[in-house]
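Trainee: Hey, dropping upload03.csv in here, CSV, C-alpha atoms:
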```
chain,number,residue,atom,x,y,z
F,25,MET,CA,259.9,-85.9,96.4
F,26,ASN,CA,257.4,-83.4,95.0
F,27,SER,CA,255.9,-85.6,92.2
F,28,LEU,CA,253.4,-82.8,91.2
F,29,ASN,CA,255.9,-80.0,91.2
F,30,LYS,CA,254.8,-77.0,89.0
F,31,LYS,CA,251.5,-78.7,88.3
F,32,VAL,CA,248.0,-77.1,88.7
F,33,ALA,CA,245.1,-79.2,89.9
F,34,ILE,CA,241.4,-78.9,90.4
F,35,VAL,CA,239.6,-80.9,93.1
F,36,THR,CA,235.8,-80.9,93.5
F,37,GLY,CA,234.0,-82.2,96.5
F,38,ALA,CA,237.0,-80.9,98.4
F,39,SER,CA,235.4,-79.7,101.6
F,40,LEU,CA,235.6,-83.1,103.3
F,41,GLY,CA,236.5,-86.8,103.0
F,42,ILE,CA,238.4,-88.0,100.0
F,43,GLY,CA,238.4,-84.7,98.3
F,44,ARG,CA,239.9,-82.8,101.2
F,45,ALA,CA,242.6,-85.5,101.8
F,46,THR,CA,243.5,-85.5,98.1
F,47,ALA,CA,243.7,-81.7,97.9
F,48,MET,CA,246.0,-81.7,100.9
F,49,LEU,CA,248.2,-84.4,99.4
F,50,PHE,CA,248.3,-82.7,96.0
F,51,ALA,CA,249.6,-79.5,97.6
F,52,GLN,CA,252.1,-81.5,99.7
F,53,MET,CA,253.4,-83.0,96.5
F,54,GLY,CA,254.0,-79.5,94.9
F,55,ALA,CA,250.8,-78.8,93.0
F,56,ALA,CA,248.9,-75.5,93.2
F,57,VAL,CA,245.3,-76.5,93.9
F,58,VAL,CA,241.9,-75.0,93.1
F,59,VAL,CA,239.4,-76.5,95.5
F,60,GLY,CA,235.7,-76.5,95.0
F,61,ALA,CA,232.5,-77.4,97.0
F,62,ARG,CA,229.3,-75.8,98.2
F,63,ARG,CA,230.6,-75.0,101.8
F,64,GLY,CA,232.7,-71.9,101.7
F,65,ASP,CA,233.7,-72.1,105.4
F,66,ALA,CA,235.1,-75.7,104.9
F,67,LEU,CA,237.0,-74.6,101.8
F,68,ASP,CA,238.4,-71.6,103.6
F,69,SER,CA,239.6,-74.0,106.4
F,70,LEU,CA,241.2,-76.2,103.7
F,71,VAL,CA,243.0,-73.4,101.9
F,72,ASN,CA,244.3,-72.1,105.3
F,73,ALA,CA,245.6,-75.6,106.2
F,74,ILE,CA,247.3,-75.9,102.8
F,75,GLU,CA,248.9,-72.5,103.0
F,76,LYS,CA,250.1,-73.0,106.6
F,77,SER,CA,251.9,-76.1,105.3
F,78,GLY,CA,253.6,-74.1,102.6
F,79,GLY,CA,251.4,-75.0,99.7
F,80,ARG,CA,249.3,-72.9,97.3
F,81,ALA,CA,245.5,-73.1,97.0
F,82,THR,CA,242.5,-71.1,96.3
F,83,ALA,CA,238.8,-71.9,96.6
F,84,VAL,CA,235.7,-71.6,94.4
F,85,VAL,CA,232.3,-72.0,96.0
F,86,GLY,CA,229.6,-73.5,93.9
F,87,ASP,CA,227.3,-76.3,92.9
F,88,VAL,CA,228.8,-79.0,90.6
F,89,THR,CA,225.4,-79.5,88.9
F,90,ASP,CA,225.8,-76.0,87.5
F,91,GLU,CA,228.0,-75.9,84.4
F,92,SER,CA,229.1,-72.4,85.2
F,93,PHE,CA,230.8,-73.8,88.2
F,94,ALA,CA,233.0,-76.0,86.1
F,95,ILE,CA,233.8,-73.0,83.9
F,96,GLU,CA,234.8,-70.9,86.9
F,97,MET,CA,237.0,-73.6,88.3
F,98,VAL,CA,239.0,-73.8,85.1
F,99,ARG,CA,239.1,-70.0,84.8
F,100,THR,CA,240.4,-69.7,88.3
F,101,ALA,CA,243.1,-72.3,87.7
F,102,THR,CA,244.2,-70.5,84.5
F,103,ASP,CA,244.1,-67.0,85.9
F,104,ARG,CA,245.5,-67.7,89.3
F,105,PHE,CA,248.1,-70.4,88.6
F,106,GLY,CA,248.7,-70.2,84.8
F,107,GLY,CA,246.9,-73.3,83.5
F,108,LEU,CA,245.6,-76.7,84.3
F,109,ASP,CA,247.3,-80.1,84.4
F,110,ILE,CA,245.2,-82.3,86.7
F,111,ALA,CA,241.5,-82.5,87.5
F,112,PHE,CA,240.0,-84.7,90.2
F,113,ASN,CA,236.2,-84.8,89.7
F,114,ASN,CA,235.3,-86.2,93.0
F,115,ALA,CA,232.0,-84.6,94.1
F,116,GLY,CA,229.2,-87.1,94.7
F,117,THR,CA,226.1,-88.2,96.6
F,118,LEU,CA,224.6,-91.5,97.7
F,119,GLY,CA,221.2,-90.1,96.6
F,120,ALA,CA,217.9,-91.6,97.4
F,121,MET,CA,218.1,-95.2,98.6
F,122,GLY,CA,215.4,-97.9,98.7
F,123,PRO,CA,213.6,-100.3,96.5
F,124,THR,CA,213.8,-99.2,92.9
F,125,PRO,CA,210.1,-99.0,92.3
F,126,GLU,CA,209.9,-96.5,95.1
F,127,ILE,CA,212.5,-94.1,93.8
F,128,PHE,CA,211.0,-90.8,92.5
F,129,ALA,CA,212.1,-89.5,89.1
F,130,ALA,CA,213.4,-86.3,90.6
F,131,ASP,CA,215.6,-88.2,93.1
F,132,TRP,CA,217.0,-90.4,90.3
F,133,GLN,CA,217.8,-87.3,88.2
F,134,TYR,CA,219.5,-85.6,91.2
F,135,ALA,CA,221.9,-88.6,91.6
F,136,LEU,CA,222.7,-88.5,87.9
F,137,ASP,CA,223.2,-84.7,88.0
F,138,VAL,CA,225.6,-84.8,91.0
F,139,ASN,CA,227.6,-88.0,90.2
F,140,LEU,CA,227.7,-88.1,86.4
F,141,THR,CA,226.6,-84.9,84.7
F,142,SER,CA,228.8,-82.8,86.9
F,143,ALA,CA,231.8,-84.9,85.8
F,144,PHE,CA,230.8,-84.4,82.2
F,145,PHE,CA,230.7,-80.6,82.8
F,146,GLY,CA,234.1,-80.8,84.5
F,147,ALA,CA,235.8,-82.7,81.7
F,148,LYS,CA,234.2,-80.7,79.0
F,149,HIS,CA,235.9,-77.6,80.2
F,150,GLN,CA,239.0,-79.1,81.9
F,151,ILE,CA,240.3,-81.0,78.8
F,152,PRO,CA,240.6,-77.9,76.5
F,153,ALA,CA,242.7,-76.2,79.2
F,154,MET,CA,244.9,-79.2,79.5
F,155,LEU,CA,245.4,-79.3,75.8
F,156,VAL,CA,246.9,-75.9,75.9
F,157,ARG,CA,249.6,-77.3,78.3
F,158,GLY,CA,250.2,-80.3,76.0
F,159,GLY,CA,248.2,-82.9,78.0
F,160,GLY,CA,247.0,-83.7,81.5
F,161,SER,CA,245.3,-86.2,83.8
F,162,VAL,CA,241.5,-86.3,84.4
F,163,ILE,CA,240.3,-88.5,87.3
F,164,PHE,CA,236.8,-89.4,88.3
F,165,THR,CA,235.6,-90.9,91.6
F,166,SER,CA,233.4,-93.9,90.7
F,167,THR,CA,232.8,-96.9,93.0
F,168,PHE,CA,232.8,-100.7,93.0
F,169,VAL,CA,229.0,-100.6,93.6
F,170,GLY,CA,227.3,-101.4,90.3
F,171,TYR,CA,230.7,-102.3,88.8
F,172,THR,CA,231.8,-105.5,90.6
F,173,VAL,CA,229.1,-105.8,93.3
F,174,GLY,CA,225.4,-105.1,93.3
F,175,PHE,CA,223.7,-103.9,96.5
F,176,PRO,CA,219.9,-103.7,96.8
F,177,GLY,CA,218.4,-100.2,97.2
F,178,MET,CA,221.2,-98.3,95.5
F,179,ALA,CA,220.0,-98.1,91.9
F,180,ALA,CA,220.5,-94.4,91.3
F,181,TYR,CA,223.9,-94.4,93.0
F,182,ALA,CA,225.2,-97.5,91.2
F,183,ALA,CA,223.9,-96.4,87.7
F,184,SER,CA,225.3,-92.8,88.0
F,185,LYS,CA,228.7,-94.0,89.2
F,186,ALA,CA,228.9,-96.8,86.7
F,187,GLY,CA,228.3,-94.2,84.0
F,188,LEU,CA,231.6,-92.6,84.9
F,189,VAL,CA,233.4,-95.7,83.7
F,190,GLY,CA,231.8,-95.3,80.3
F,191,LEU,CA,232.7,-91.6,80.3
F,192,THR,CA,236.3,-92.5,81.2
F,193,GLN,CA,236.6,-94.9,78.3
F,194,THR,CA,235.1,-92.5,75.7
F,195,LEU,CA,237.3,-89.6,76.8
F,196,THR,CA,240.3,-91.9,76.7
F,197,ALA,CA,239.7,-92.8,73.1
F,198,GLU,CA,239.0,-89.2,72.2
F,199,PHE,CA,241.9,-87.5,73.8
F,200,GLY,CA,244.6,-90.1,74.3
F,201,PRO,CA,246.3,-89.1,71.1
F,202,GLN,CA,246.7,-85.6,72.6
F,203,SER,CA,248.3,-86.8,75.8
F,204,VAL,CA,245.3,-86.4,78.0
F,205,ARG,CA,244.9,-89.4,80.3
F,206,VAL,CA,241.5,-90.2,81.8
F,207,ASN,CA,241.0,-92.7,84.6
F,208,ALA,CA,238.5,-93.6,87.3
F,209,VAL,CA,239.3,-94.5,90.9
F,210,LEU,CA,236.8,-97.0,92.4
F,211,PRO,CA,237.0,-96.8,96.2
F,212,GLY,CA,235.6,-99.2,98.7
F,213,GLY,CA,233.9,-98.1,101.9
F,214,THR,CA,235.7,-95.1,103.3
F,215,ASN,CA,235.6,-93.3,106.7
F,216,THR,CA,233.9,-90.2,105.4
F,217,PRO,CA,230.6,-88.5,106.3
F,218,MET,CA,229.0,-90.3,103.3
F,219,GLY,CA,230.5,-93.6,104.3
F,220,LYS,CA,229.3,-93.2,107.9
F,221,SER,CA,225.7,-92.9,106.8
F,222,MET,CA,226.0,-96.6,105.9
F,223,THR,CA,227.6,-97.5,109.2
F,224,SER,CA,225.6,-95.6,111.7
F,225,THR,CA,225.6,-98.4,114.3
F,226,PRO,CA,228.3,-100.7,115.6
F,227,GLU,CA,226.4,-103.6,114.2
F,228,ALA,CA,226.2,-102.0,110.7
F,229,LEU,CA,229.9,-101.1,110.8
F,230,ALA,CA,230.8,-104.7,111.8
F,231,HIS,CA,228.7,-106.1,109.0
F,232,ILE,CA,230.2,-103.8,106.4
F,233,GLN,CA,233.8,-104.5,107.5
F,234,SER,CA,233.1,-108.2,107.3
F,235,LEU,CA,232.5,-107.9,103.5
F,236,TYR,CA,236.1,-106.7,102.9
F,237,ALA,CA,239.1,-109.0,102.6
F,238,LEU,CA,241.0,-106.5,104.8
F,239,ARG,CA,238.2,-106.6,107.4
F,240,ARG,CA,238.1,-102.8,107.6
F,241,ILE,CA,237.1,-99.7,105.6
F,242,ALA,CA,239.6,-97.2,104.2
F,243,ARG,CA,240.9,-93.9,105.5
F,244,PRO,CA,240.4,-91.0,103.1
F,245,GLU,CA,244.2,-90.6,103.0
F,246,GLU,CA,244.6,-94.1,101.6
F,247,ILE,CA,242.3,-93.3,98.7
F,248,ALA,CA,244.1,-90.0,98.1
F,249,GLN,CA,247.3,-91.9,97.6
F,250,SER,CA,245.8,-93.9,94.7
F,251,VAL,CA,244.4,-90.6,93.2
F,252,LEU,CA,247.9,-89.2,93.4
F,253,TYR,CA,249.2,-92.2,91.5
F,254,LEU,CA,246.7,-91.5,88.7
F,255,ALA,CA,247.6,-87.8,88.7
F,256,SER,CA,251.3,-88.2,88.6
F,257,ASP,CA,253.8,-89.4,86.0
F,258,ALA,CA,254.1,-92.7,87.9
F,259,SER,CA,251.0,-93.7,85.9
F,260,SER,CA,252.2,-92.2,82.6
F,261,PHE,CA,251.1,-95.3,80.6
F,262,MET,CA,247.8,-95.7,82.4
F,263,THR,CA,244.6,-94.4,80.8
F,264,GLY,CA,241.0,-95.7,80.4
F,265,ALA,CA,241.3,-97.6,83.6
F,266,ALA,CA,238.8,-98.3,86.4
F,267,LEU,CA,241.2,-98.7,89.3
F,268,LEU,CA,239.7,-100.7,92.2
F,269,VAL,CA,240.9,-99.5,95.6
F,270,ASP,CA,238.3,-101.4,97.5
F,271,GLY,CA,240.0,-103.5,100.2
F,272,GLY,CA,239.2,-106.7,98.4
F,273,ILE,CA,235.4,-106.5,98.6
F,274,SER,CA,235.1,-107.2,94.9
F,275,ILE,CA,236.7,-110.6,95.3
F,276,ASN,CA,236.0,-111.5,98.9
F,277,ARG,CA,233.7,-114.4,99.5
F,278,GLY,CA,234.4,-115.3,103.1
```
Can you give me the file's structure in the form of structure tokens?
Mentor:
Amino acid sequence: MNSLNKKVAIVTGASLGIGRATAMLFAQMGAAVVVGARRGDALDSLVNAIEKSGGRATAVVGDVTDESFAIEMVRTATDRFGGLDIAFNNAGTLGAMGPTPEIFAADWQYALDVNLTSAFFGAKHQIPAMLVRGGGSVIFTSTFVGYTVGFPGMAAYAASKAGLVGLTQTLTAEFGPQSVRVNAVLPGGTNTPMGKSMTSTPEALAHIQSLYALRRIARPEEIAQSVLYLASDASSFMTGAALLVDGGISINRG
């Protein structure tokens, strides 16, 4: 079943991890996909993989902290595929980690720029294009960190990602009457390059896995399935939500 048949989607942070897995799944489900990231070679590989599987995709290389990149992504979706229905604003960074008094202002600002301001830029230009089509679905990648669980040394990451939940709620109130749904997916630890930076040794991985009720971290493809749900009509009455897809870490105590 092609649940996104005739839809047009944007995916940022698409070169690897959750973004790449979601772009592949969106295309498999029938959407034409505009993929964006900084690494052109990785995007070319993704587009080739999608097209070899019979899907439609095109790439835009750029930096999500630059508002012109958000504009170009929407322009490409409209010019190449006729409009925009879905946007998965997924690009992110762990940013500088360590005791909060030791975090430099520039590092704090960088985390906010990549994780929060880029999502604002995306929605700012994506929503008007969706309104032309009569509505759409905007999805942000937040996290359980700073939402249900606090970890030391992650102030910039937690604050910037938590801000996405507030942005989600405000956009929901603003554009719900015009049939634009806005939700955030809150993944747990996932087997991505970013995730692996937290589990660089067998001991670290074992400790992280022990925090989860499922005693493991996620595969990118598992998170992509939840993003697909938010993008599709299966979640047609769901908006303003912070959807935990966290393997039970938020409630696990043993």
Trainee: I'd like the neighbourhood of stretch 176-187 of chain F as a count of residues only, where a residue qualifies if any of its atoms comes within 8 Å (using all atoms listed in the file), though same-chain residues fewer than 2 positions away should be ignored.
Mentor: 23
Trainee: Quote the spacing between atom CA of F:Asn113 and atom CA of F:Gly41 in Å to one decimal place.
Mentor: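 Computed distance, atom CA of F:Asn113 to atom CA of F:Gly41, equals 13.5 Å.
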Trainee: Considering all atoms listed in the file, return as number ranges by chain whatever protein or nucleic-acid residues lie within 9 Å of F:Leu67, sequence-local ones (same chain, fewer than 2 positions apart) excluded.
Mentor: F: 38-40, 44, 59-65, 69-72, 82-85
Trainee: Ranking F:Thr102, F:Ser260, F:Thr89, F:Gln249 by minimum distance to F:Ala47 and counting all atoms listed in the file, which one comes first?
Mentor: F:Gln249
Trainee: Please indicate the distance in Å from atom CA of F:Val98 to atom CA of F:Ile151, rounded to one decimal place.
Mentor: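 Distance between the two atoms: 9.7 Å.
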Trainee: For F:Ser256, which of F:Gly271, F:Gly79, F:Gly54, F:Gly86 is the closest residue, counting only C-alpha atoms?
Mentor: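 Residue with the minimum atom-to-atom distance to F:Ser256: F:Gly54.
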Trainee: Just the residues within 6 Å of stretch 261-269 of chain F, please, counting all atoms listed in the file, with nothing from its chain fewer than 2 positions along; format it as number ranges by chain.
Mentor: F: 192-193, 196, 205-211, 259
Trainee: Fewer than 2 positions away in the same chain doesn't count, so skip those; otherwise give me all residues within 8 Å of F:Gly213, counting only C-alpha atoms, as a ChimeraX atom specification.
Mentor: /F:211,215,219,241-242,270
Trainee: Go through F:Pro125, F:Gly212, F:Gly116, F:Pro244 and flag the residue nearest F:Ile273, using only C-alpha atoms for the distances.
Mentor: F:Gly212
Trainee: What is the distance, in Å and to one decimal place, between atom CA of F:Met97 and atom CA of F:Ala129?
Mentor: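 Atom-to-atom, atom CA of F:Met97 and atom CA of F:Ala129 are spaced 29.6 Å apart.
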Trainee: Find the residue from F:Leu188, F:Val138, F:Ile34, F:Val88 that sits nearest to F:Arg104; use only C-alpha atoms when measuring.
Mentor: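 Result for the nearest residue to F:Arg104: F:Ile34.
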Trainee: Which is closer to F:Gln233 than all the others in F:Phe199, F:Asn276, F:Pro217, F:Asp137, using only C-alpha atoms?
Mentor: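 Among F:Phe199, F:Asn276, F:Pro217, F:Asp137, it is F:Asn276 that comes nearest to F:Gln233.
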Trainee: I want to know what sits within 10 Å of F:Arg99, based on all atoms listed in the file, with residues of the same chain fewer than 6 positions away left out; could you give that as a list in words?
Mentor: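 Listed by chain and then number, they are Phe93, Phe105, Gly106, Gly107, Leu108, His149, Gln150 and Ala153 of chain F.
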Trainee: Using only C-alpha atoms, please write the residues we just selected to a file, as a PDB file, keeping the file's coordinate frame.
Mentor:
```pdb
ATOM      1  CA  PHE F  93     230.800 -73.800  88.200  1.00  0.00           C
ATOM      2  CA  PHE F 105     248.100 -70.400  88.600  1.00  0.00           C
ATOM      3  CA  GLY F 106     248.700 -70.200  84.800  1.00  0.00           C
ATOM      4  CA  GLY F 107     246.900 -73.300  83.500  1.00  0.00           C
ATOM      5  CA  LEU F 108     245.600 -76.700  84.300  1.00  0.00           C
ATOM      6  CA  HIS F 149     235.900 -77.600  80.200  1.00  0.00           C
ATOM      7  CA  GLN F 150     239.000 -79.100  81.900  1.00  0.00           C
ATOM      8  CA  ALA F 153     242.700 -76.200  79.200  1.00  0.00           C
TER       9      ALA F 153
END
```
Trainee: My list of candidates is F:Phe168, F:Phe144, F:Phe112, F:Tyr253. Which is closest to F:Thr194 when distances are computed with all atoms listed in the file?
Mentor: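 The shortest atom-to-atom distance to F:Thr194 comes from F:Phe144.
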